[in-house]
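Shown here: run29.txt, compact mmCIF, C-alpha atoms.
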# COMPACT_ATOMS: atom_id res chain seq x y z
CA MET A 1359 -41.85 51.92 -66.65
CA ILE A 1360 -42.50 48.29 -67.34
CA GLN A 1361 -44.83 48.06 -64.39
CA GLU A 1362 -46.78 51.11 -65.58
CA ASP A 1363 -47.13 49.59 -69.08
CA GLU A 1364 -48.23 46.38 -67.56
CA LYS A 1365 -50.89 48.11 -65.47
CA LYS A 1366 -52.21 49.86 -68.60
CA ASP A 1367 -52.35 46.79 -70.85
CA GLY A 1368 -53.23 44.27 -68.24
CA LYS A 1369 -50.68 42.04 -69.99
CA SER A 1370 -47.02 41.77 -69.41
CA ILE A 1371 -44.46 41.62 -72.17
CA PHE A 1372 -41.89 40.19 -69.81
CA PRO A 1373 -43.99 38.37 -67.29
CA ASN A 1374 -40.89 36.82 -65.74
CA LEU A 1375 -39.32 40.14 -65.05
CA LEU A 1376 -42.23 41.00 -62.80
CA ILE A 1377 -41.63 38.02 -60.59
CA LEU A 1378 -37.86 38.25 -60.67
CA PRO A 1379 -37.42 40.95 -57.98
CA LYS A 1380 -39.66 39.03 -55.50
CA ARG A 1381 -37.88 35.72 -56.24
CA SER A 1382 -34.48 37.36 -55.87
CA LYS A 1383 -35.33 38.48 -52.35
CA LYS A 1384 -36.51 35.02 -51.28
CA GLY A 1385 -33.65 33.32 -53.10
CA ALA A 1386 -31.21 35.68 -51.48
CA LEU A 1387 -32.70 34.86 -48.07
CA PHE A 1388 -32.16 31.14 -48.57
CA HIS A 1389 -28.81 31.78 -50.16
CA TRP A 1390 -27.76 33.67 -47.05
CA ILE A 1391 -29.15 30.99 -44.74
CA GLY A 1392 -26.85 28.49 -46.46
CA ILE A 1393 -23.86 30.76 -46.06
CA VAL A 1394 -24.68 31.49 -42.43
CA VAL A 1395 -25.03 27.76 -41.74
CA ILE A 1396 -21.63 27.07 -43.33
CA PHE A 1397 -20.03 29.84 -41.28
CA ALA A 1398 -21.73 28.61 -38.12
CA LEU A 1399 -20.38 25.11 -38.73
CA ALA A 1400 -16.90 26.43 -39.48
CA PHE A 1401 -17.02 28.48 -36.27
CA ALA A 1402 -18.20 25.48 -34.27
CA VAL A 1403 -15.32 23.35 -35.61
CA LEU A 1404 -12.58 25.94 -35.39
CA SER A 1405 -13.64 27.79 -32.26
CA PRO A 1406 -11.55 27.03 -29.15
CA THR A 1407 -14.75 26.99 -27.12
CA GLU A 1408 -15.96 23.44 -26.57
CA PHE A 1409 -19.37 22.67 -27.89
CA GLY A 1410 -21.32 19.54 -27.47
CA VAL A 1411 -21.19 16.96 -24.73
CA LYS A 1412 -18.81 17.45 -21.85
CA SER A 1413 -17.19 14.31 -20.51
CA LYS A 1414 -18.42 13.27 -17.10
CA GLY A 1415 -16.23 13.75 -14.07
CA THR A 1416 -13.44 15.54 -15.94
CA TRP A 1417 -12.46 17.65 -12.94
CA GLN A 1418 -12.61 14.71 -10.58
CA LEU A 1419 -10.55 12.47 -12.86
CA ASP A 1420 -7.99 15.20 -13.49
CA PHE A 1421 -7.75 15.75 -9.75
CA LEU A 1422 -7.21 12.06 -9.10
CA HIS A 1423 -4.64 11.82 -11.90
CA ASN A 1424 -2.66 15.01 -11.50
CA ASP A 1425 -2.96 15.58 -7.80
CA PHE A 1426 -3.98 12.58 -5.75
CA ILE A 1427 -2.06 9.83 -7.58
CA GLU A 1428 0.91 12.12 -8.17
CA ALA A 1429 0.97 12.91 -4.46
CA GLU A 1430 0.75 9.23 -3.56
CA LYS A 1431 3.69 8.51 -5.85
CA GLN A 1432 5.75 11.26 -4.28
CA LEU A 1433 4.84 10.07 -0.80
CA THR A 1434 5.84 6.51 -1.73
CA GLY A 1435 9.29 7.76 -2.75
CA ARG A 1436 9.61 9.94 0.35
CA ASP A 1437 8.48 7.15 2.66
CA GLN A 1438 11.13 4.85 1.23
CA LEU A 1439 13.79 7.51 1.76
CA ALA A 1440 12.56 8.08 5.33
CA LEU A 1441 12.60 4.32 5.94
CA GLU A 1442 16.19 4.05 4.72
CA MET A 1443 17.21 7.03 6.86
CA GLY A 1444 15.41 5.50 9.85
CA ARG A 1445 17.31 2.25 9.40
CA GLN A 1446 20.60 4.10 9.08
CA THR A 1447 19.73 6.11 12.19
CA VAL A 1448 19.27 2.89 14.18
CA LEU A 1449 22.63 1.45 13.12
CA SER A 1450 24.52 4.73 13.30
CA LEU A 1451 23.27 5.57 16.80
CA ALA A 1452 23.87 2.03 18.06
CA SER A 1453 27.49 2.11 16.89
CA LYS A 1454 27.98 5.34 18.86
CA GLY A 1455 26.25 4.10 22.00
CA GLY A 1456 23.11 6.05 21.15
CA PHE A 1457 24.74 9.48 21.03
CA THR A 1458 24.95 11.63 17.91
CA ASP A 1459 27.79 13.67 19.40
CA THR A 1460 30.26 12.62 22.06
CA PRO A 1461 28.64 13.16 25.49
CA SER A 1462 30.35 14.75 28.50
CA CYS A 1463 31.30 11.25 29.70
CA GLY A 1464 33.70 11.17 26.75
CA SER A 1465 34.88 8.50 24.36
CA LEU A 1466 37.93 6.31 24.26
CA GLU A 1467 39.24 4.31 21.30
CA GLY A 1468 35.98 4.75 19.42
CA ALA A 1469 33.73 3.73 22.33
CA THR A 1470 31.27 6.26 23.71
CA TYR A 1471 31.22 6.08 27.52
CA TRP A 1472 27.95 6.06 29.32
CA ASN A 1473 29.32 7.07 32.69
CA GLU A 1474 32.16 8.76 34.40
CA GLY A 1475 32.55 7.07 37.76
CA THR A 1476 29.17 7.13 39.39
CA ASP A 1477 27.78 9.87 37.14
CA PHE A 1478 25.80 8.60 34.21
CA CYS A 1479 25.33 10.51 30.99
CA PHE A 1480 21.66 9.79 30.61
CA LEU A 1481 20.60 9.27 27.09
CA ASN A 1482 17.76 11.37 25.73
CA VAL A 1483 16.70 8.87 23.08
CA ASP A 1484 14.15 11.07 21.32
CA LYS A 1485 16.57 13.99 21.03
CA GLU A 1486 19.35 11.78 19.67
CA VAL A 1487 17.02 10.08 17.17
CA ASN A 1488 15.81 13.47 15.97
CA GLU A 1489 19.31 14.83 15.52
CA GLN A 1490 20.75 11.75 13.85
CA PHE A 1491 17.80 11.29 11.51
CA ASN A 1492 17.79 14.91 10.34
CA LEU A 1493 21.55 14.84 9.94
CA LEU A 1494 21.30 11.83 7.63
CA TYR A 1495 18.25 13.12 5.78
CA LYS A 1496 19.97 16.43 5.00
CA LYS A 1497 22.16 14.60 2.49
CA TYR A 1498 19.05 14.32 0.32
CA ASP A 1499 17.14 17.40 1.39
CA LYS A 1500 19.15 20.29 2.78
CA ASN A 1501 16.08 21.83 4.38
CA ALA A 1502 15.01 18.66 6.13
CA SER A 1503 13.78 19.39 9.62
CA PHE A 1504 11.52 16.65 10.89
CA THR A 1505 10.13 16.36 14.37
CA LEU A 1506 10.25 12.68 15.11
CA SER A 1507 8.25 10.58 17.47
CA ARG A 1508 8.22 6.85 18.07
CA GLN A 1509 5.43 4.39 18.43
CA GLY A 1510 6.69 0.88 19.03
CA GLU A 1511 8.66 -0.13 15.97
CA GLU A 1512 7.34 2.77 13.94
CA LEU A 1513 8.99 6.09 13.35
CA ILE A 1514 6.78 9.11 12.71
CA GLY A 1515 8.12 12.28 11.18
CA LYS A 1516 6.32 15.62 11.02
CA ARG A 1517 7.37 18.67 9.13
CA ASP A 1518 5.94 22.12 8.51
CA THR A 1519 6.69 22.07 4.80
CA GLU A 1520 3.91 20.98 2.51
CA ILE A 1521 4.18 19.44 -0.93
CA ILE A 1522 2.13 21.57 -3.29
CA LEU A 1523 0.63 20.02 -6.38
CA GLY A 1524 -1.71 21.16 -9.12
CA GLN A 1525 -1.47 24.84 -8.38
CA LYS A 1526 -3.93 26.91 -10.42
CA GLY A 1527 -3.91 30.49 -9.24
CA ALA A 1528 -4.87 30.61 -5.60
CA GLN A 1529 -6.19 27.05 -5.75
CA TYR A 1530 -3.82 24.18 -5.03
CA TYR A 1531 -3.62 20.69 -3.61
CA SER A 1532 -1.11 20.13 -0.88
CA ILE A 1533 -0.03 17.18 1.18
CA ASN A 1534 1.87 16.93 4.40
CA SER A 1535 5.44 15.89 3.77
CA GLY A 1536 5.59 13.84 6.95
CA PHE A 1537 5.92 10.07 7.14
CA ARG A 1538 5.21 7.03 9.22
CA VAL A 1539 7.49 4.07 8.58
CA LYS A 1540 8.00 0.70 10.20
CA ILE A 1541 11.67 0.30 10.94
CA ASP A 1542 11.28 -3.05 12.75
CA TYR A 1543 13.20 -1.72 15.73
CA ASP A 1544 12.21 -0.19 19.05
CA PHE A 1545 14.46 2.54 20.44
CA ASP A 1546 13.19 1.69 23.94
CA GLU A 1547 15.86 -1.01 23.94
CA TYR A 1548 18.25 1.72 25.09
CA PHE A 1549 16.40 1.95 28.40
CA THR A 1550 16.90 -1.77 29.02
CA LEU A 1551 20.60 -1.39 28.25
CA GLN A 1552 20.93 1.65 30.52
CA ASP A 1553 19.41 -0.30 33.42
CA GLU A 1554 21.79 -3.19 32.76
CA ALA A 1555 24.75 -0.81 32.52
CA LYS A 1556 23.91 0.75 35.89
CA LYS A 1557 23.65 -2.69 37.45
CA LEU A 1558 27.04 -3.68 36.04
CA VAL A 1559 28.70 -0.53 37.35
CA ASP A 1560 27.05 -0.86 40.77
CA GLU A 1561 28.08 -4.47 41.20
CA CYS A 1562 31.57 -4.34 39.77
CA LYS A 1563 32.89 -0.88 40.55
CA SER A 1564 34.48 -2.11 43.74
CA ALA A 1565 35.62 -5.49 42.38
CA SER A 1566 39.36 -5.99 42.31
CA GLN A 1567 39.09 -8.55 39.50
CA LEU A 1568 36.92 -6.55 37.14
CA GLN A 1569 36.81 -9.10 34.33
CA ASP A 1570 35.74 -11.91 36.66
CA CYS A 1571 33.04 -9.76 38.17
CA LEU A 1572 31.74 -8.68 34.77
CA ASP A 1573 31.80 -12.26 33.48
CA LYS A 1574 29.51 -13.21 36.35
CA VAL A 1575 27.16 -10.27 36.18
CA LYS A 1576 26.85 -9.23 32.55
CA PRO A 1577 24.17 -10.75 30.32
CA SER A 1578 25.42 -13.04 27.55
CA TYR A 1579 24.74 -10.46 24.85
CA TRP A 1580 27.19 -8.01 26.47
CA LYS A 1581 30.55 -8.74 24.90
CA PHE A 1582 33.94 -7.32 25.78
CA GLY A 1583 35.41 -5.10 23.07
CA ARG A 1584 33.89 -6.59 19.92
CA CYS A 1585 30.81 -8.68 19.31
CA GLU A 1586 32.82 -11.23 17.33
CA ASN A 1587 36.05 -12.43 18.94
CA GLU A 1588 35.54 -10.91 22.35
CA LEU A 1589 38.56 -9.20 23.82
CA PHE A 1590 38.68 -7.80 27.35
CA LEU A 1591 40.63 -4.56 27.41
CA GLU A 1592 40.74 -2.41 30.50
CA THR A 1593 42.14 1.09 30.43
CA GLY A 1594 42.08 2.72 33.88
CA ARG A 1595 38.99 0.70 34.86
CA LYS A 1596 37.31 1.72 31.67
CA VAL A 1597 35.98 -1.15 29.62
CA ALA A 1598 34.55 -1.07 26.10
CA PHE A 1599 31.61 -3.31 25.22
CA CYS A 1600 29.79 -4.45 22.17
CA VAL A 1601 26.21 -5.27 23.09
CA LYS A 1602 24.11 -7.41 20.80
CA SER A 1603 20.48 -6.39 20.63
CA PRO A 1604 18.65 -8.18 23.49
CA GLN A 1605 15.54 -8.41 21.28
CA GLU A 1606 17.77 -9.61 18.43
CA TYR A 1607 16.69 -6.76 16.22
CA ALA A 1608 18.11 -6.82 12.73
CA VAL A 1609 17.71 -3.90 10.37
CA PHE A 1610 17.51 -4.30 6.60
CA GLU A 1611 20.41 -2.31 5.25
CA ASN A 1612 21.84 -2.41 1.73
CA GLY A 1613 20.34 -5.79 0.92
CA LYS A 1614 21.25 -7.49 4.20
CA PHE A 1615 19.70 -7.85 7.62
CA VAL A 1616 22.26 -6.26 9.89
CA GLN A 1617 22.00 -7.18 13.56
CA VAL A 1618 21.85 -4.14 15.81
CA GLN A 1619 24.99 -3.94 17.94
CA TYR A 1620 25.68 -1.19 20.45
CA GLY A 1621 29.17 0.12 20.90
CA LEU A 1622 29.63 1.65 24.34
CA GLY A 1623 31.99 1.89 27.26
CA LEU A 1624 31.59 1.85 31.03
CA ASP A 1625 33.79 3.39 33.64
CA PHE A 1626 34.19 1.26 36.79
CA SER A 1627 36.29 3.73 38.72
CA MET A 1628 34.93 4.85 42.09
CA GLY A 1629 35.32 8.58 41.45
CA MET B 67 -57.12 36.95 -64.51
CA ALA B 68 -55.69 33.78 -66.04
CA GLY B 69 -52.19 35.26 -65.80
CA SER B 70 -52.64 36.24 -62.19
CA SER B 71 -54.01 32.78 -61.41
CA ILE B 72 -50.99 31.18 -63.01
CA MET B 73 -48.77 33.62 -61.16
CA GLY B 74 -50.60 32.79 -57.94
CA LYS B 75 -50.03 29.10 -58.54
CA LYS B 76 -46.41 29.75 -59.35
CA GLY B 77 -46.03 31.76 -56.16
CA LEU B 78 -47.66 28.97 -54.25
CA MET B 79 -45.32 26.48 -55.86
CA ASP B 80 -42.37 28.68 -55.04
CA ASP B 81 -43.46 29.03 -51.44
CA PHE B 82 -43.94 25.29 -51.23
CA THR B 83 -40.50 24.67 -52.72
CA ASP B 84 -39.01 27.15 -50.29
CA LEU B 85 -40.75 25.42 -47.42
CA LEU B 86 -39.45 22.06 -48.61
CA SER B 87 -35.93 23.45 -48.92
CA PHE B 88 -36.21 24.95 -45.48
CA VAL B 89 -37.44 21.68 -43.97
CA LEU B 90 -34.66 19.84 -45.83
CA ILE B 91 -31.99 22.20 -44.49
CA LEU B 92 -33.40 21.92 -40.97
CA SER B 93 -33.47 18.11 -41.23
CA MET B 94 -29.88 18.07 -42.45
CA LEU B 95 -28.83 20.35 -39.64
CA GLY B 96 -30.68 18.24 -37.11
CA PHE B 97 -29.14 15.06 -38.47
CA PHE B 98 -25.70 16.64 -38.46
CA ALA B 99 -26.11 17.95 -34.92
CA VAL B 100 -27.32 14.59 -33.62
CA ALA B 101 -24.48 12.77 -35.40
CA VAL B 102 -21.90 15.20 -34.04
CA LEU B 103 -23.29 15.12 -30.52
CA ARG B 104 -23.54 11.35 -30.49
CA THR B 105 -19.97 10.92 -31.75
CA ASP B 106 -18.83 13.59 -29.30
CA ALA B 107 -20.58 11.88 -26.39
CA SER B 108 -19.12 8.54 -27.43
CA ASP B 109 -15.60 10.05 -27.70
CA LYS B 110 -15.92 11.73 -24.33
CA SER B 111 -17.15 8.52 -22.70
CA GLU B 112 -14.16 6.71 -24.18
CA GLN B 113 -11.83 9.40 -22.87
CA THR B 114 -13.39 9.13 -19.41
CA LEU B 115 -13.10 5.34 -19.46
CA ASP B 116 -9.47 5.59 -20.63
CA LYS B 117 -8.72 7.90 -17.73
CA ILE B 118 -10.37 5.52 -15.27
CA VAL B 119 -8.39 2.60 -16.70
CA SER B 120 -5.21 4.66 -16.45
CA LEU B 121 -6.08 5.48 -12.85
CA HIS B 122 -6.38 1.79 -12.05
CA GLY B 123 -3.00 1.25 -13.72
CA GLN B 124 -1.39 3.84 -11.47
CA GLU B 125 -3.01 2.25 -8.44
CA GLU B 126 -1.65 -1.15 -9.48
CA LEU B 127 1.85 0.34 -9.63
CA LEU B 128 1.49 1.88 -6.16
CA ASN B 129 0.11 -1.37 -4.78
CA LEU B 130 3.00 -3.28 -6.31
CA VAL B 131 5.80 -1.16 -4.87
CA ASN B 132 4.14 -0.93 -1.46
CA SER B 133 3.26 -4.60 -1.22
CA PRO B 134 5.11 -6.77 1.28
CA SER B 135 7.65 -9.31 0.18
CA SER B 136 9.92 -11.66 2.05
CA LEU B 137 13.66 -11.95 2.21
CA ASN B 138 15.41 -14.54 4.38
CA ASN B 139 12.03 -15.25 6.00
CA LYS B 140 11.72 -11.62 7.05
CA GLU B 141 9.28 -9.08 5.72
CA VAL B 142 10.46 -6.26 3.51
CA SER B 143 8.61 -4.13 0.98
CA MET B 144 8.70 -4.59 -2.76
CA LYS B 145 10.53 -1.24 -2.96
CA ASP B 146 13.38 -2.85 -1.01
CA VAL B 147 13.34 -5.80 -3.38
CA ILE B 148 13.47 -3.55 -6.45
CA ILE B 149 16.31 -1.44 -5.02
CA LEU B 150 18.26 -4.51 -3.92
CA ALA B 151 17.87 -6.20 -7.31
CA ALA B 152 18.98 -3.00 -9.08
CA ASN B 153 22.04 -2.61 -6.85
CA THR B 154 23.11 -6.22 -7.21
CA ASN B 155 22.05 -6.52 -10.88
CA ASP B 156 20.23 -9.68 -9.85
CA GLU B 157 17.78 -10.25 -12.68
CA ALA B 158 16.90 -13.78 -11.49
CA PHE B 159 15.95 -12.54 -8.01
CA PHE B 160 13.90 -9.72 -9.52
CA THR B 161 12.12 -12.07 -11.91
CA GLU B 162 11.32 -14.54 -9.13
CA LYS B 163 9.79 -11.87 -6.90
CA MET B 164 7.84 -10.23 -9.71
CA GLN B 165 6.58 -13.52 -11.08
CA THR B 166 5.24 -14.41 -7.65
CA TYR B 167 3.55 -11.04 -7.34
CA PHE B 168 2.07 -11.01 -10.85
CA GLU B 169 0.68 -14.54 -10.35
CA GLN B 170 -0.68 -13.72 -6.93
CA GLU B 171 -2.39 -10.55 -8.17
CA GLN B 172 -3.33 -12.10 -11.54
CA LEU B 173 -1.68 -9.29 -13.44
CA ASP B 174 -0.87 -9.39 -17.13
CA GLY B 175 1.89 -7.15 -18.34
CA GLY B 176 5.32 -6.28 -17.18
CA ILE B 177 7.54 -4.11 -15.09
CA ALA B 178 10.79 -2.37 -15.92
CA VAL B 179 13.31 -0.55 -13.76
CA TYR B 180 15.49 2.20 -15.26
CA ASP B 181 18.14 4.48 -13.92
CA SER B 182 16.79 8.01 -14.01
CA VAL B 183 19.67 9.39 -16.09
CA SER B 184 19.12 7.05 -19.05
CA TYR B 185 15.37 7.35 -18.59
CA GLY B 186 15.50 11.10 -18.90
CA LYS B 187 17.97 11.30 -21.78
CA GLU B 188 17.44 8.35 -24.07
CA GLU B 189 14.42 7.86 -26.26
CA GLU B 190 14.23 4.11 -25.66
CA PRO B 191 16.30 3.51 -22.56
CA GLU B 192 17.60 0.06 -21.74
CA PRO B 193 16.04 -1.10 -18.47
CA LEU B 194 18.28 -2.23 -15.62
CA LEU B 195 15.75 -4.94 -14.83
CA SER B 196 12.59 -6.09 -16.49
CA PHE B 197 9.96 -8.76 -16.20
CA ASN B 198 6.87 -9.55 -18.24
CA ASN B 199 4.42 -12.41 -18.49
CA VAL B 200 2.95 -11.49 -21.88
CA ALA B 201 4.24 -11.45 -25.46
CA PHE B 202 3.75 -7.69 -25.82
CA LEU B 203 4.25 -5.36 -22.90
CA GLY B 204 1.35 -3.11 -23.83
CA ASP B 205 0.89 0.48 -22.76
CA GLU B 206 2.55 2.17 -19.83
CA LYS B 207 0.30 2.05 -16.78
CA GLY B 208 2.36 4.29 -14.58
CA ALA B 209 5.83 5.29 -13.47
CA LEU B 210 7.37 6.47 -10.22
CA TYR B 211 10.75 7.47 -8.87
CA LEU B 212 12.59 5.79 -6.00
CA THR B 213 15.62 7.25 -4.26
CA ASN B 214 18.31 4.60 -3.96
CA VAL B 215 20.51 5.61 -1.02
CA HIS B 216 22.95 2.76 -1.65
CA GLY B 217 23.00 3.20 -5.41
CA GLU B 218 26.10 4.24 -7.24
CA GLY B 219 26.42 6.52 -10.26
CA ASN B 220 23.29 6.62 -12.36
CA LYS B 221 21.49 4.27 -10.00
CA LYS B 222 20.99 6.88 -7.29
CA LEU B 223 17.51 7.48 -8.57
CA LEU B 224 15.45 4.67 -10.09
CA VAL B 225 12.37 4.79 -12.27
CA VAL B 226 9.86 1.95 -11.93
CA LYS B 227 7.41 1.50 -14.78
CA LEU B 228 4.44 -0.82 -14.98
CA PHE B 229 3.04 -1.99 -18.32
CA GLY B 230 -0.09 -3.83 -19.20
Since I need it in another form, could you write the structure as structure tokens?
Amino acid sequence: MIQEDEKKDGKSIFPNLLILPKRSKKGALFHWIGIVVIFALAFAVLSPTEFGVKSKGTWQLDFLHNDFIEAEKQLTGRDQLALEMGRQTVLSLASKGGFTDTPSCGSLEGATYWNEGTDFCFLNVDKEVNEQFNLLYKKYDKNASFTLSRQGEELIGKRDTEIILGQKGAQYYSINSGFRVKIDYDFDEYFTLQDEAKKLVDECKSASQLQDCLDKVKPSYWKFGRCENELFLETGRKVAFCVKSPQEYAVFENGKFVQVQYGLGLDFSMG
Amino acid sequence: MAGSSIMGKKGLMDDFTDLLSFVLILSMLGFFAVAVLRTDASDKSEQTLDKIVSLHGQEELLNLVNSPSSLNNKEVSMKDVIILAANTNDEAFFTEKMQTYFEQEQLDGGIAVYDSVSYGKEEEPEPLLSFNNVAFLGDEKGALYLTNVHGEGNKKLLVVKLFG
């Protein structure tokens, strides 16, 4: 009605009212823009989705932190345990003449015999090292089953089990749980001792005065009975020896360097 | 005619005002976005740098425990030294070895050794051994566990922490 009157008169009684509807639309548009902007900002702040700049190398740094470094730390701990077990293996085997279990040649008064007359119980060093090491390691890991190999004074252990880190669905980072440790000892020393033992038996098996013969033939690091305070004891031509490491190997054990000493016995009977 | 001219001018003014408002809002949004993005980028760079620094800290810890040391003129590893010092409660021996290492590597900070039981249970566990060459230890750089086969009781598992 107002617009019709206005058209007739050419004048408007309420000129402002004519403009008001147009202004309201534009005002409302800007009013809504403001509201939309506020909501957009609120959404950007509160939304869990990350907006803005992404930090560089996030994946790589997370990988290094959570997987690589973590794995290195675990390996450091495992290597130390393997080193300790390796050292214990050296001393434990040496005290038992290199055998984990009593061989067919038998044992007498704590000494493991390397021969029975002319028959020698040949030592399979690698097998014994494997058995003794795994036996000791099982105290800390019941499922321990390493396959050991030697390289000079280093002991290398391989295992099928992997250490899995940073598992995300089907994706994971795994490391081999094997080790390589320097035990500062070479198991090949057993072969030297075996050769010397054979020589002793060959040269003294027919000697009537066994002690005199052995005194002449045996190297200085072969001691009768014990390494300290030697004591010759013969039981039916069986003699126990304590042999000090020819290479003077000493293994770090519980804060001390313990010299490797082999406890073994030889049978000088002819049968 | 005069009325429509005035109305035309008013409309023009309104449009101009609207345009100004629109430009103003856009400028504010642009300014806000740039400010947010710049701050965000700066924060993210800081986070990245922090992570890199932390990574170096962890490496320093690994280097420390794996480094060689000597005992009775024979070579052992620093892990052996740490375990031995923890088992014998020999703070002086520990300090001597660590001081040598920290000086040699020009490290500022400290190292502490805990038994894993106290470390896991207590909020501020008392270290078995500690050494530092600064007034304040600073932040933790890294920590790792060491199995102590000769340790008794709580000392069967040790925690080594580096600060700096």
If you count only C-alpha atoms, which residues fall within 7 Å of range 1605-1613 of chain A, apart from same-chain ones fewer than 3 positions away, as an mmCIF file with C-alpha atoms, in the frame of the given file?
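Produced file around_8.cif, reproduced below:
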data_model
loop_
_atom_site.group_PDB
_atom_site.id
_atom_site.type_symbol
_atom_site.label_atom_id
_atom_site.label_comp_id
_atom_site.auth_asym_id
_atom_site.auth_seq_id
_atom_site.Cartn_x
_atom_site.Cartn_y
_atom_site.Cartn_z
ATOM 1 C CA ARG A 1445 17.310 2.250 9.400
ATOM 2 C CA ASP A 1542 11.280 -3.050 12.750
ATOM 3 C CA TYR A 1543 13.200 -1.720 15.730
ATOM 4 C CA VAL A 1616 22.260 -6.260 9.890
ATOM 5 C CA GLN A 1617 22.000 -7.180 13.560
ATOM 6 C CA VAL A 1618 21.850 -4.140 15.810
ATOM 7 C CA LEU B 150 18.260 -4.510 -3.920
ATOM 8 C CA HIS B 216 22.950 2.760 -1.650
#
Close residues, range 1492-1507 of chain A itself excluded, 8 Å, all atoms listed in the file, min 3 positions apart in chain, as an mmCIF file with C-alpha atoms, keeping the file's coordinate frame:
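After the write, out32.cif holds the following:
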data_model
loop_
_atom_site.group_PDB
_atom_site.id
_atom_site.type_symbol
_atom_site.label_atom_id
_atom_site.label_comp_id
_atom_site.auth_asym_id
_atom_site.auth_seq_id
_atom_site.Cartn_x
_atom_site.Cartn_y
_atom_site.Cartn_z
ATOM 1 C CA ALA A 1440 12.560 8.080 5.330
ATOM 2 C CA MET A 1443 17.210 7.030 6.860
ATOM 3 C CA GLN A 1446 20.600 4.100 9.080
ATOM 4 C CA THR A 1447 19.730 6.110 12.190
ATOM 5 C CA ASP A 1484 14.150 11.070 21.320
ATOM 6 C CA VAL A 1487 17.020 10.080 17.170
ATOM 7 C CA ASN A 1488 15.810 13.470 15.970
ATOM 8 C CA GLU A 1489 19.310 14.830 15.520
ATOM 9 C CA LEU A 1513 8.990 6.090 13.350
ATOM 10 C CA ILE A 1514 6.780 9.110 12.710
ATOM 11 C CA GLY A 1515 8.120 12.280 11.180
ATOM 12 C CA LYS A 1516 6.320 15.620 11.020
ATOM 13 C CA ARG A 1517 7.370 18.670 9.130
ATOM 14 C CA GLY A 1536 5.590 13.840 6.950
#
>> Can you work out which residues from chain B touch chain A at a cut-off of 6 Å (counting all atoms listed in the file) and hand them back as a ChimeraX atom specification?
In response: /B:103,107,110,150,212
>> What does the structure give for the distance between CA of Val1483 in chain A and CA of Asp1518 in chain A, in Å to one decimal?
In response: 22.4 Å
> What lies within 8 Å of Leu1568 in chain A using all atoms listed in the file, ignoring chain neighbours under 5 positions off, as JSON, numbers by chain?
Replying inline: {"A": [1562, 1563, 1595]}
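One distance worth recording is that between CA of Asn1587 in chain A and CA of Ser1450 in chain A, which is 21.4 Å.
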> How many Å lie between CA of Gly208 in chain B and CA of Leu121 in chain B, rounded to one decimal?
Replying inline: 8.7 Å
Draw an axis-aligned box tight on the listed atoms of range 1494-1498 of chain A, then pad every side by 6 Å and write out centre and edge lengths in Å to one decimal as JSON.
{"center_x": 20.2, "center_y": 14.1, "center_z": 4.0, "size_x": 15.9, "size_y": 16.6, "size_z": 19.3}
>> I want to know what sits within 9 Å of Leu137 in chain B, based on only C-alpha atoms, with residues of the same chain fewer than 4 positions away left out; could you give that as a VMD selection string?
In response: chain B and resid 141 to 142 147
>> From the options B:Pro193, B:Asn198, B:Asp80, B:Ser143, which residue's atoms come nearest to Gln165 in chain B, counting all atoms listed in the file?
In response: B:Asn198
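Here the question is which of B:Ile177, B:Leu115, B:Val131, B:Ala99 gets nearest to Phe197 in chain B using all atoms listed in the file, and that residue is B:Ile177.
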>> With all atoms listed in the file as the counted atoms, please give the residues lying no more than 8 Å from Lys1581 in chain A, apart from itself and same-chain residues fewer than 2 positions off, as a list in words.
In response: Ser1578, Tyr1579, Gly1583, Arg1584, Cys1585, Glu1588, Phe1599, Cys1600, Val1601 and Lys1602 of chain A
Fix up range 1465-1470 of chain A with N, CA, C and O atoms, then write it as a compact mmCIF listing (two decimals), keeping the file's coordinate frame.
# COMPACT_ATOMS: atom_id res chain seq x y z
N SER A 1465 34.72 9.73 25.16
CA SER A 1465 34.88 8.50 24.36
C SER A 1465 36.35 8.09 24.39
O SER A 1465 37.25 8.93 24.57
N LEU A 1466 36.56 6.81 24.23
CA LEU A 1466 37.93 6.31 24.26
C LEU A 1466 38.05 5.18 23.24
O LEU A 1466 37.24 4.23 23.25
N GLU A 1467 39.00 5.30 22.37
CA GLU A 1467 39.24 4.31 21.30
C GLU A 1467 37.94 3.94 20.56
O GLU A 1467 37.62 2.78 20.37
N GLY A 1468 37.19 4.95 20.24
CA GLY A 1468 35.98 4.75 19.42
C GLY A 1468 34.74 4.37 20.23
O GLY A 1468 33.65 4.32 19.67
N ALA A 1469 34.90 4.12 21.52
CA ALA A 1469 33.73 3.73 22.33
C ALA A 1469 33.20 4.94 23.09
O ALA A 1469 33.97 5.67 23.72
N THR A 1470 31.91 5.14 22.98
CA THR A 1470 31.27 6.26 23.71
C THR A 1470 30.94 5.78 25.11
O THR A 1470 30.28 4.75 25.28
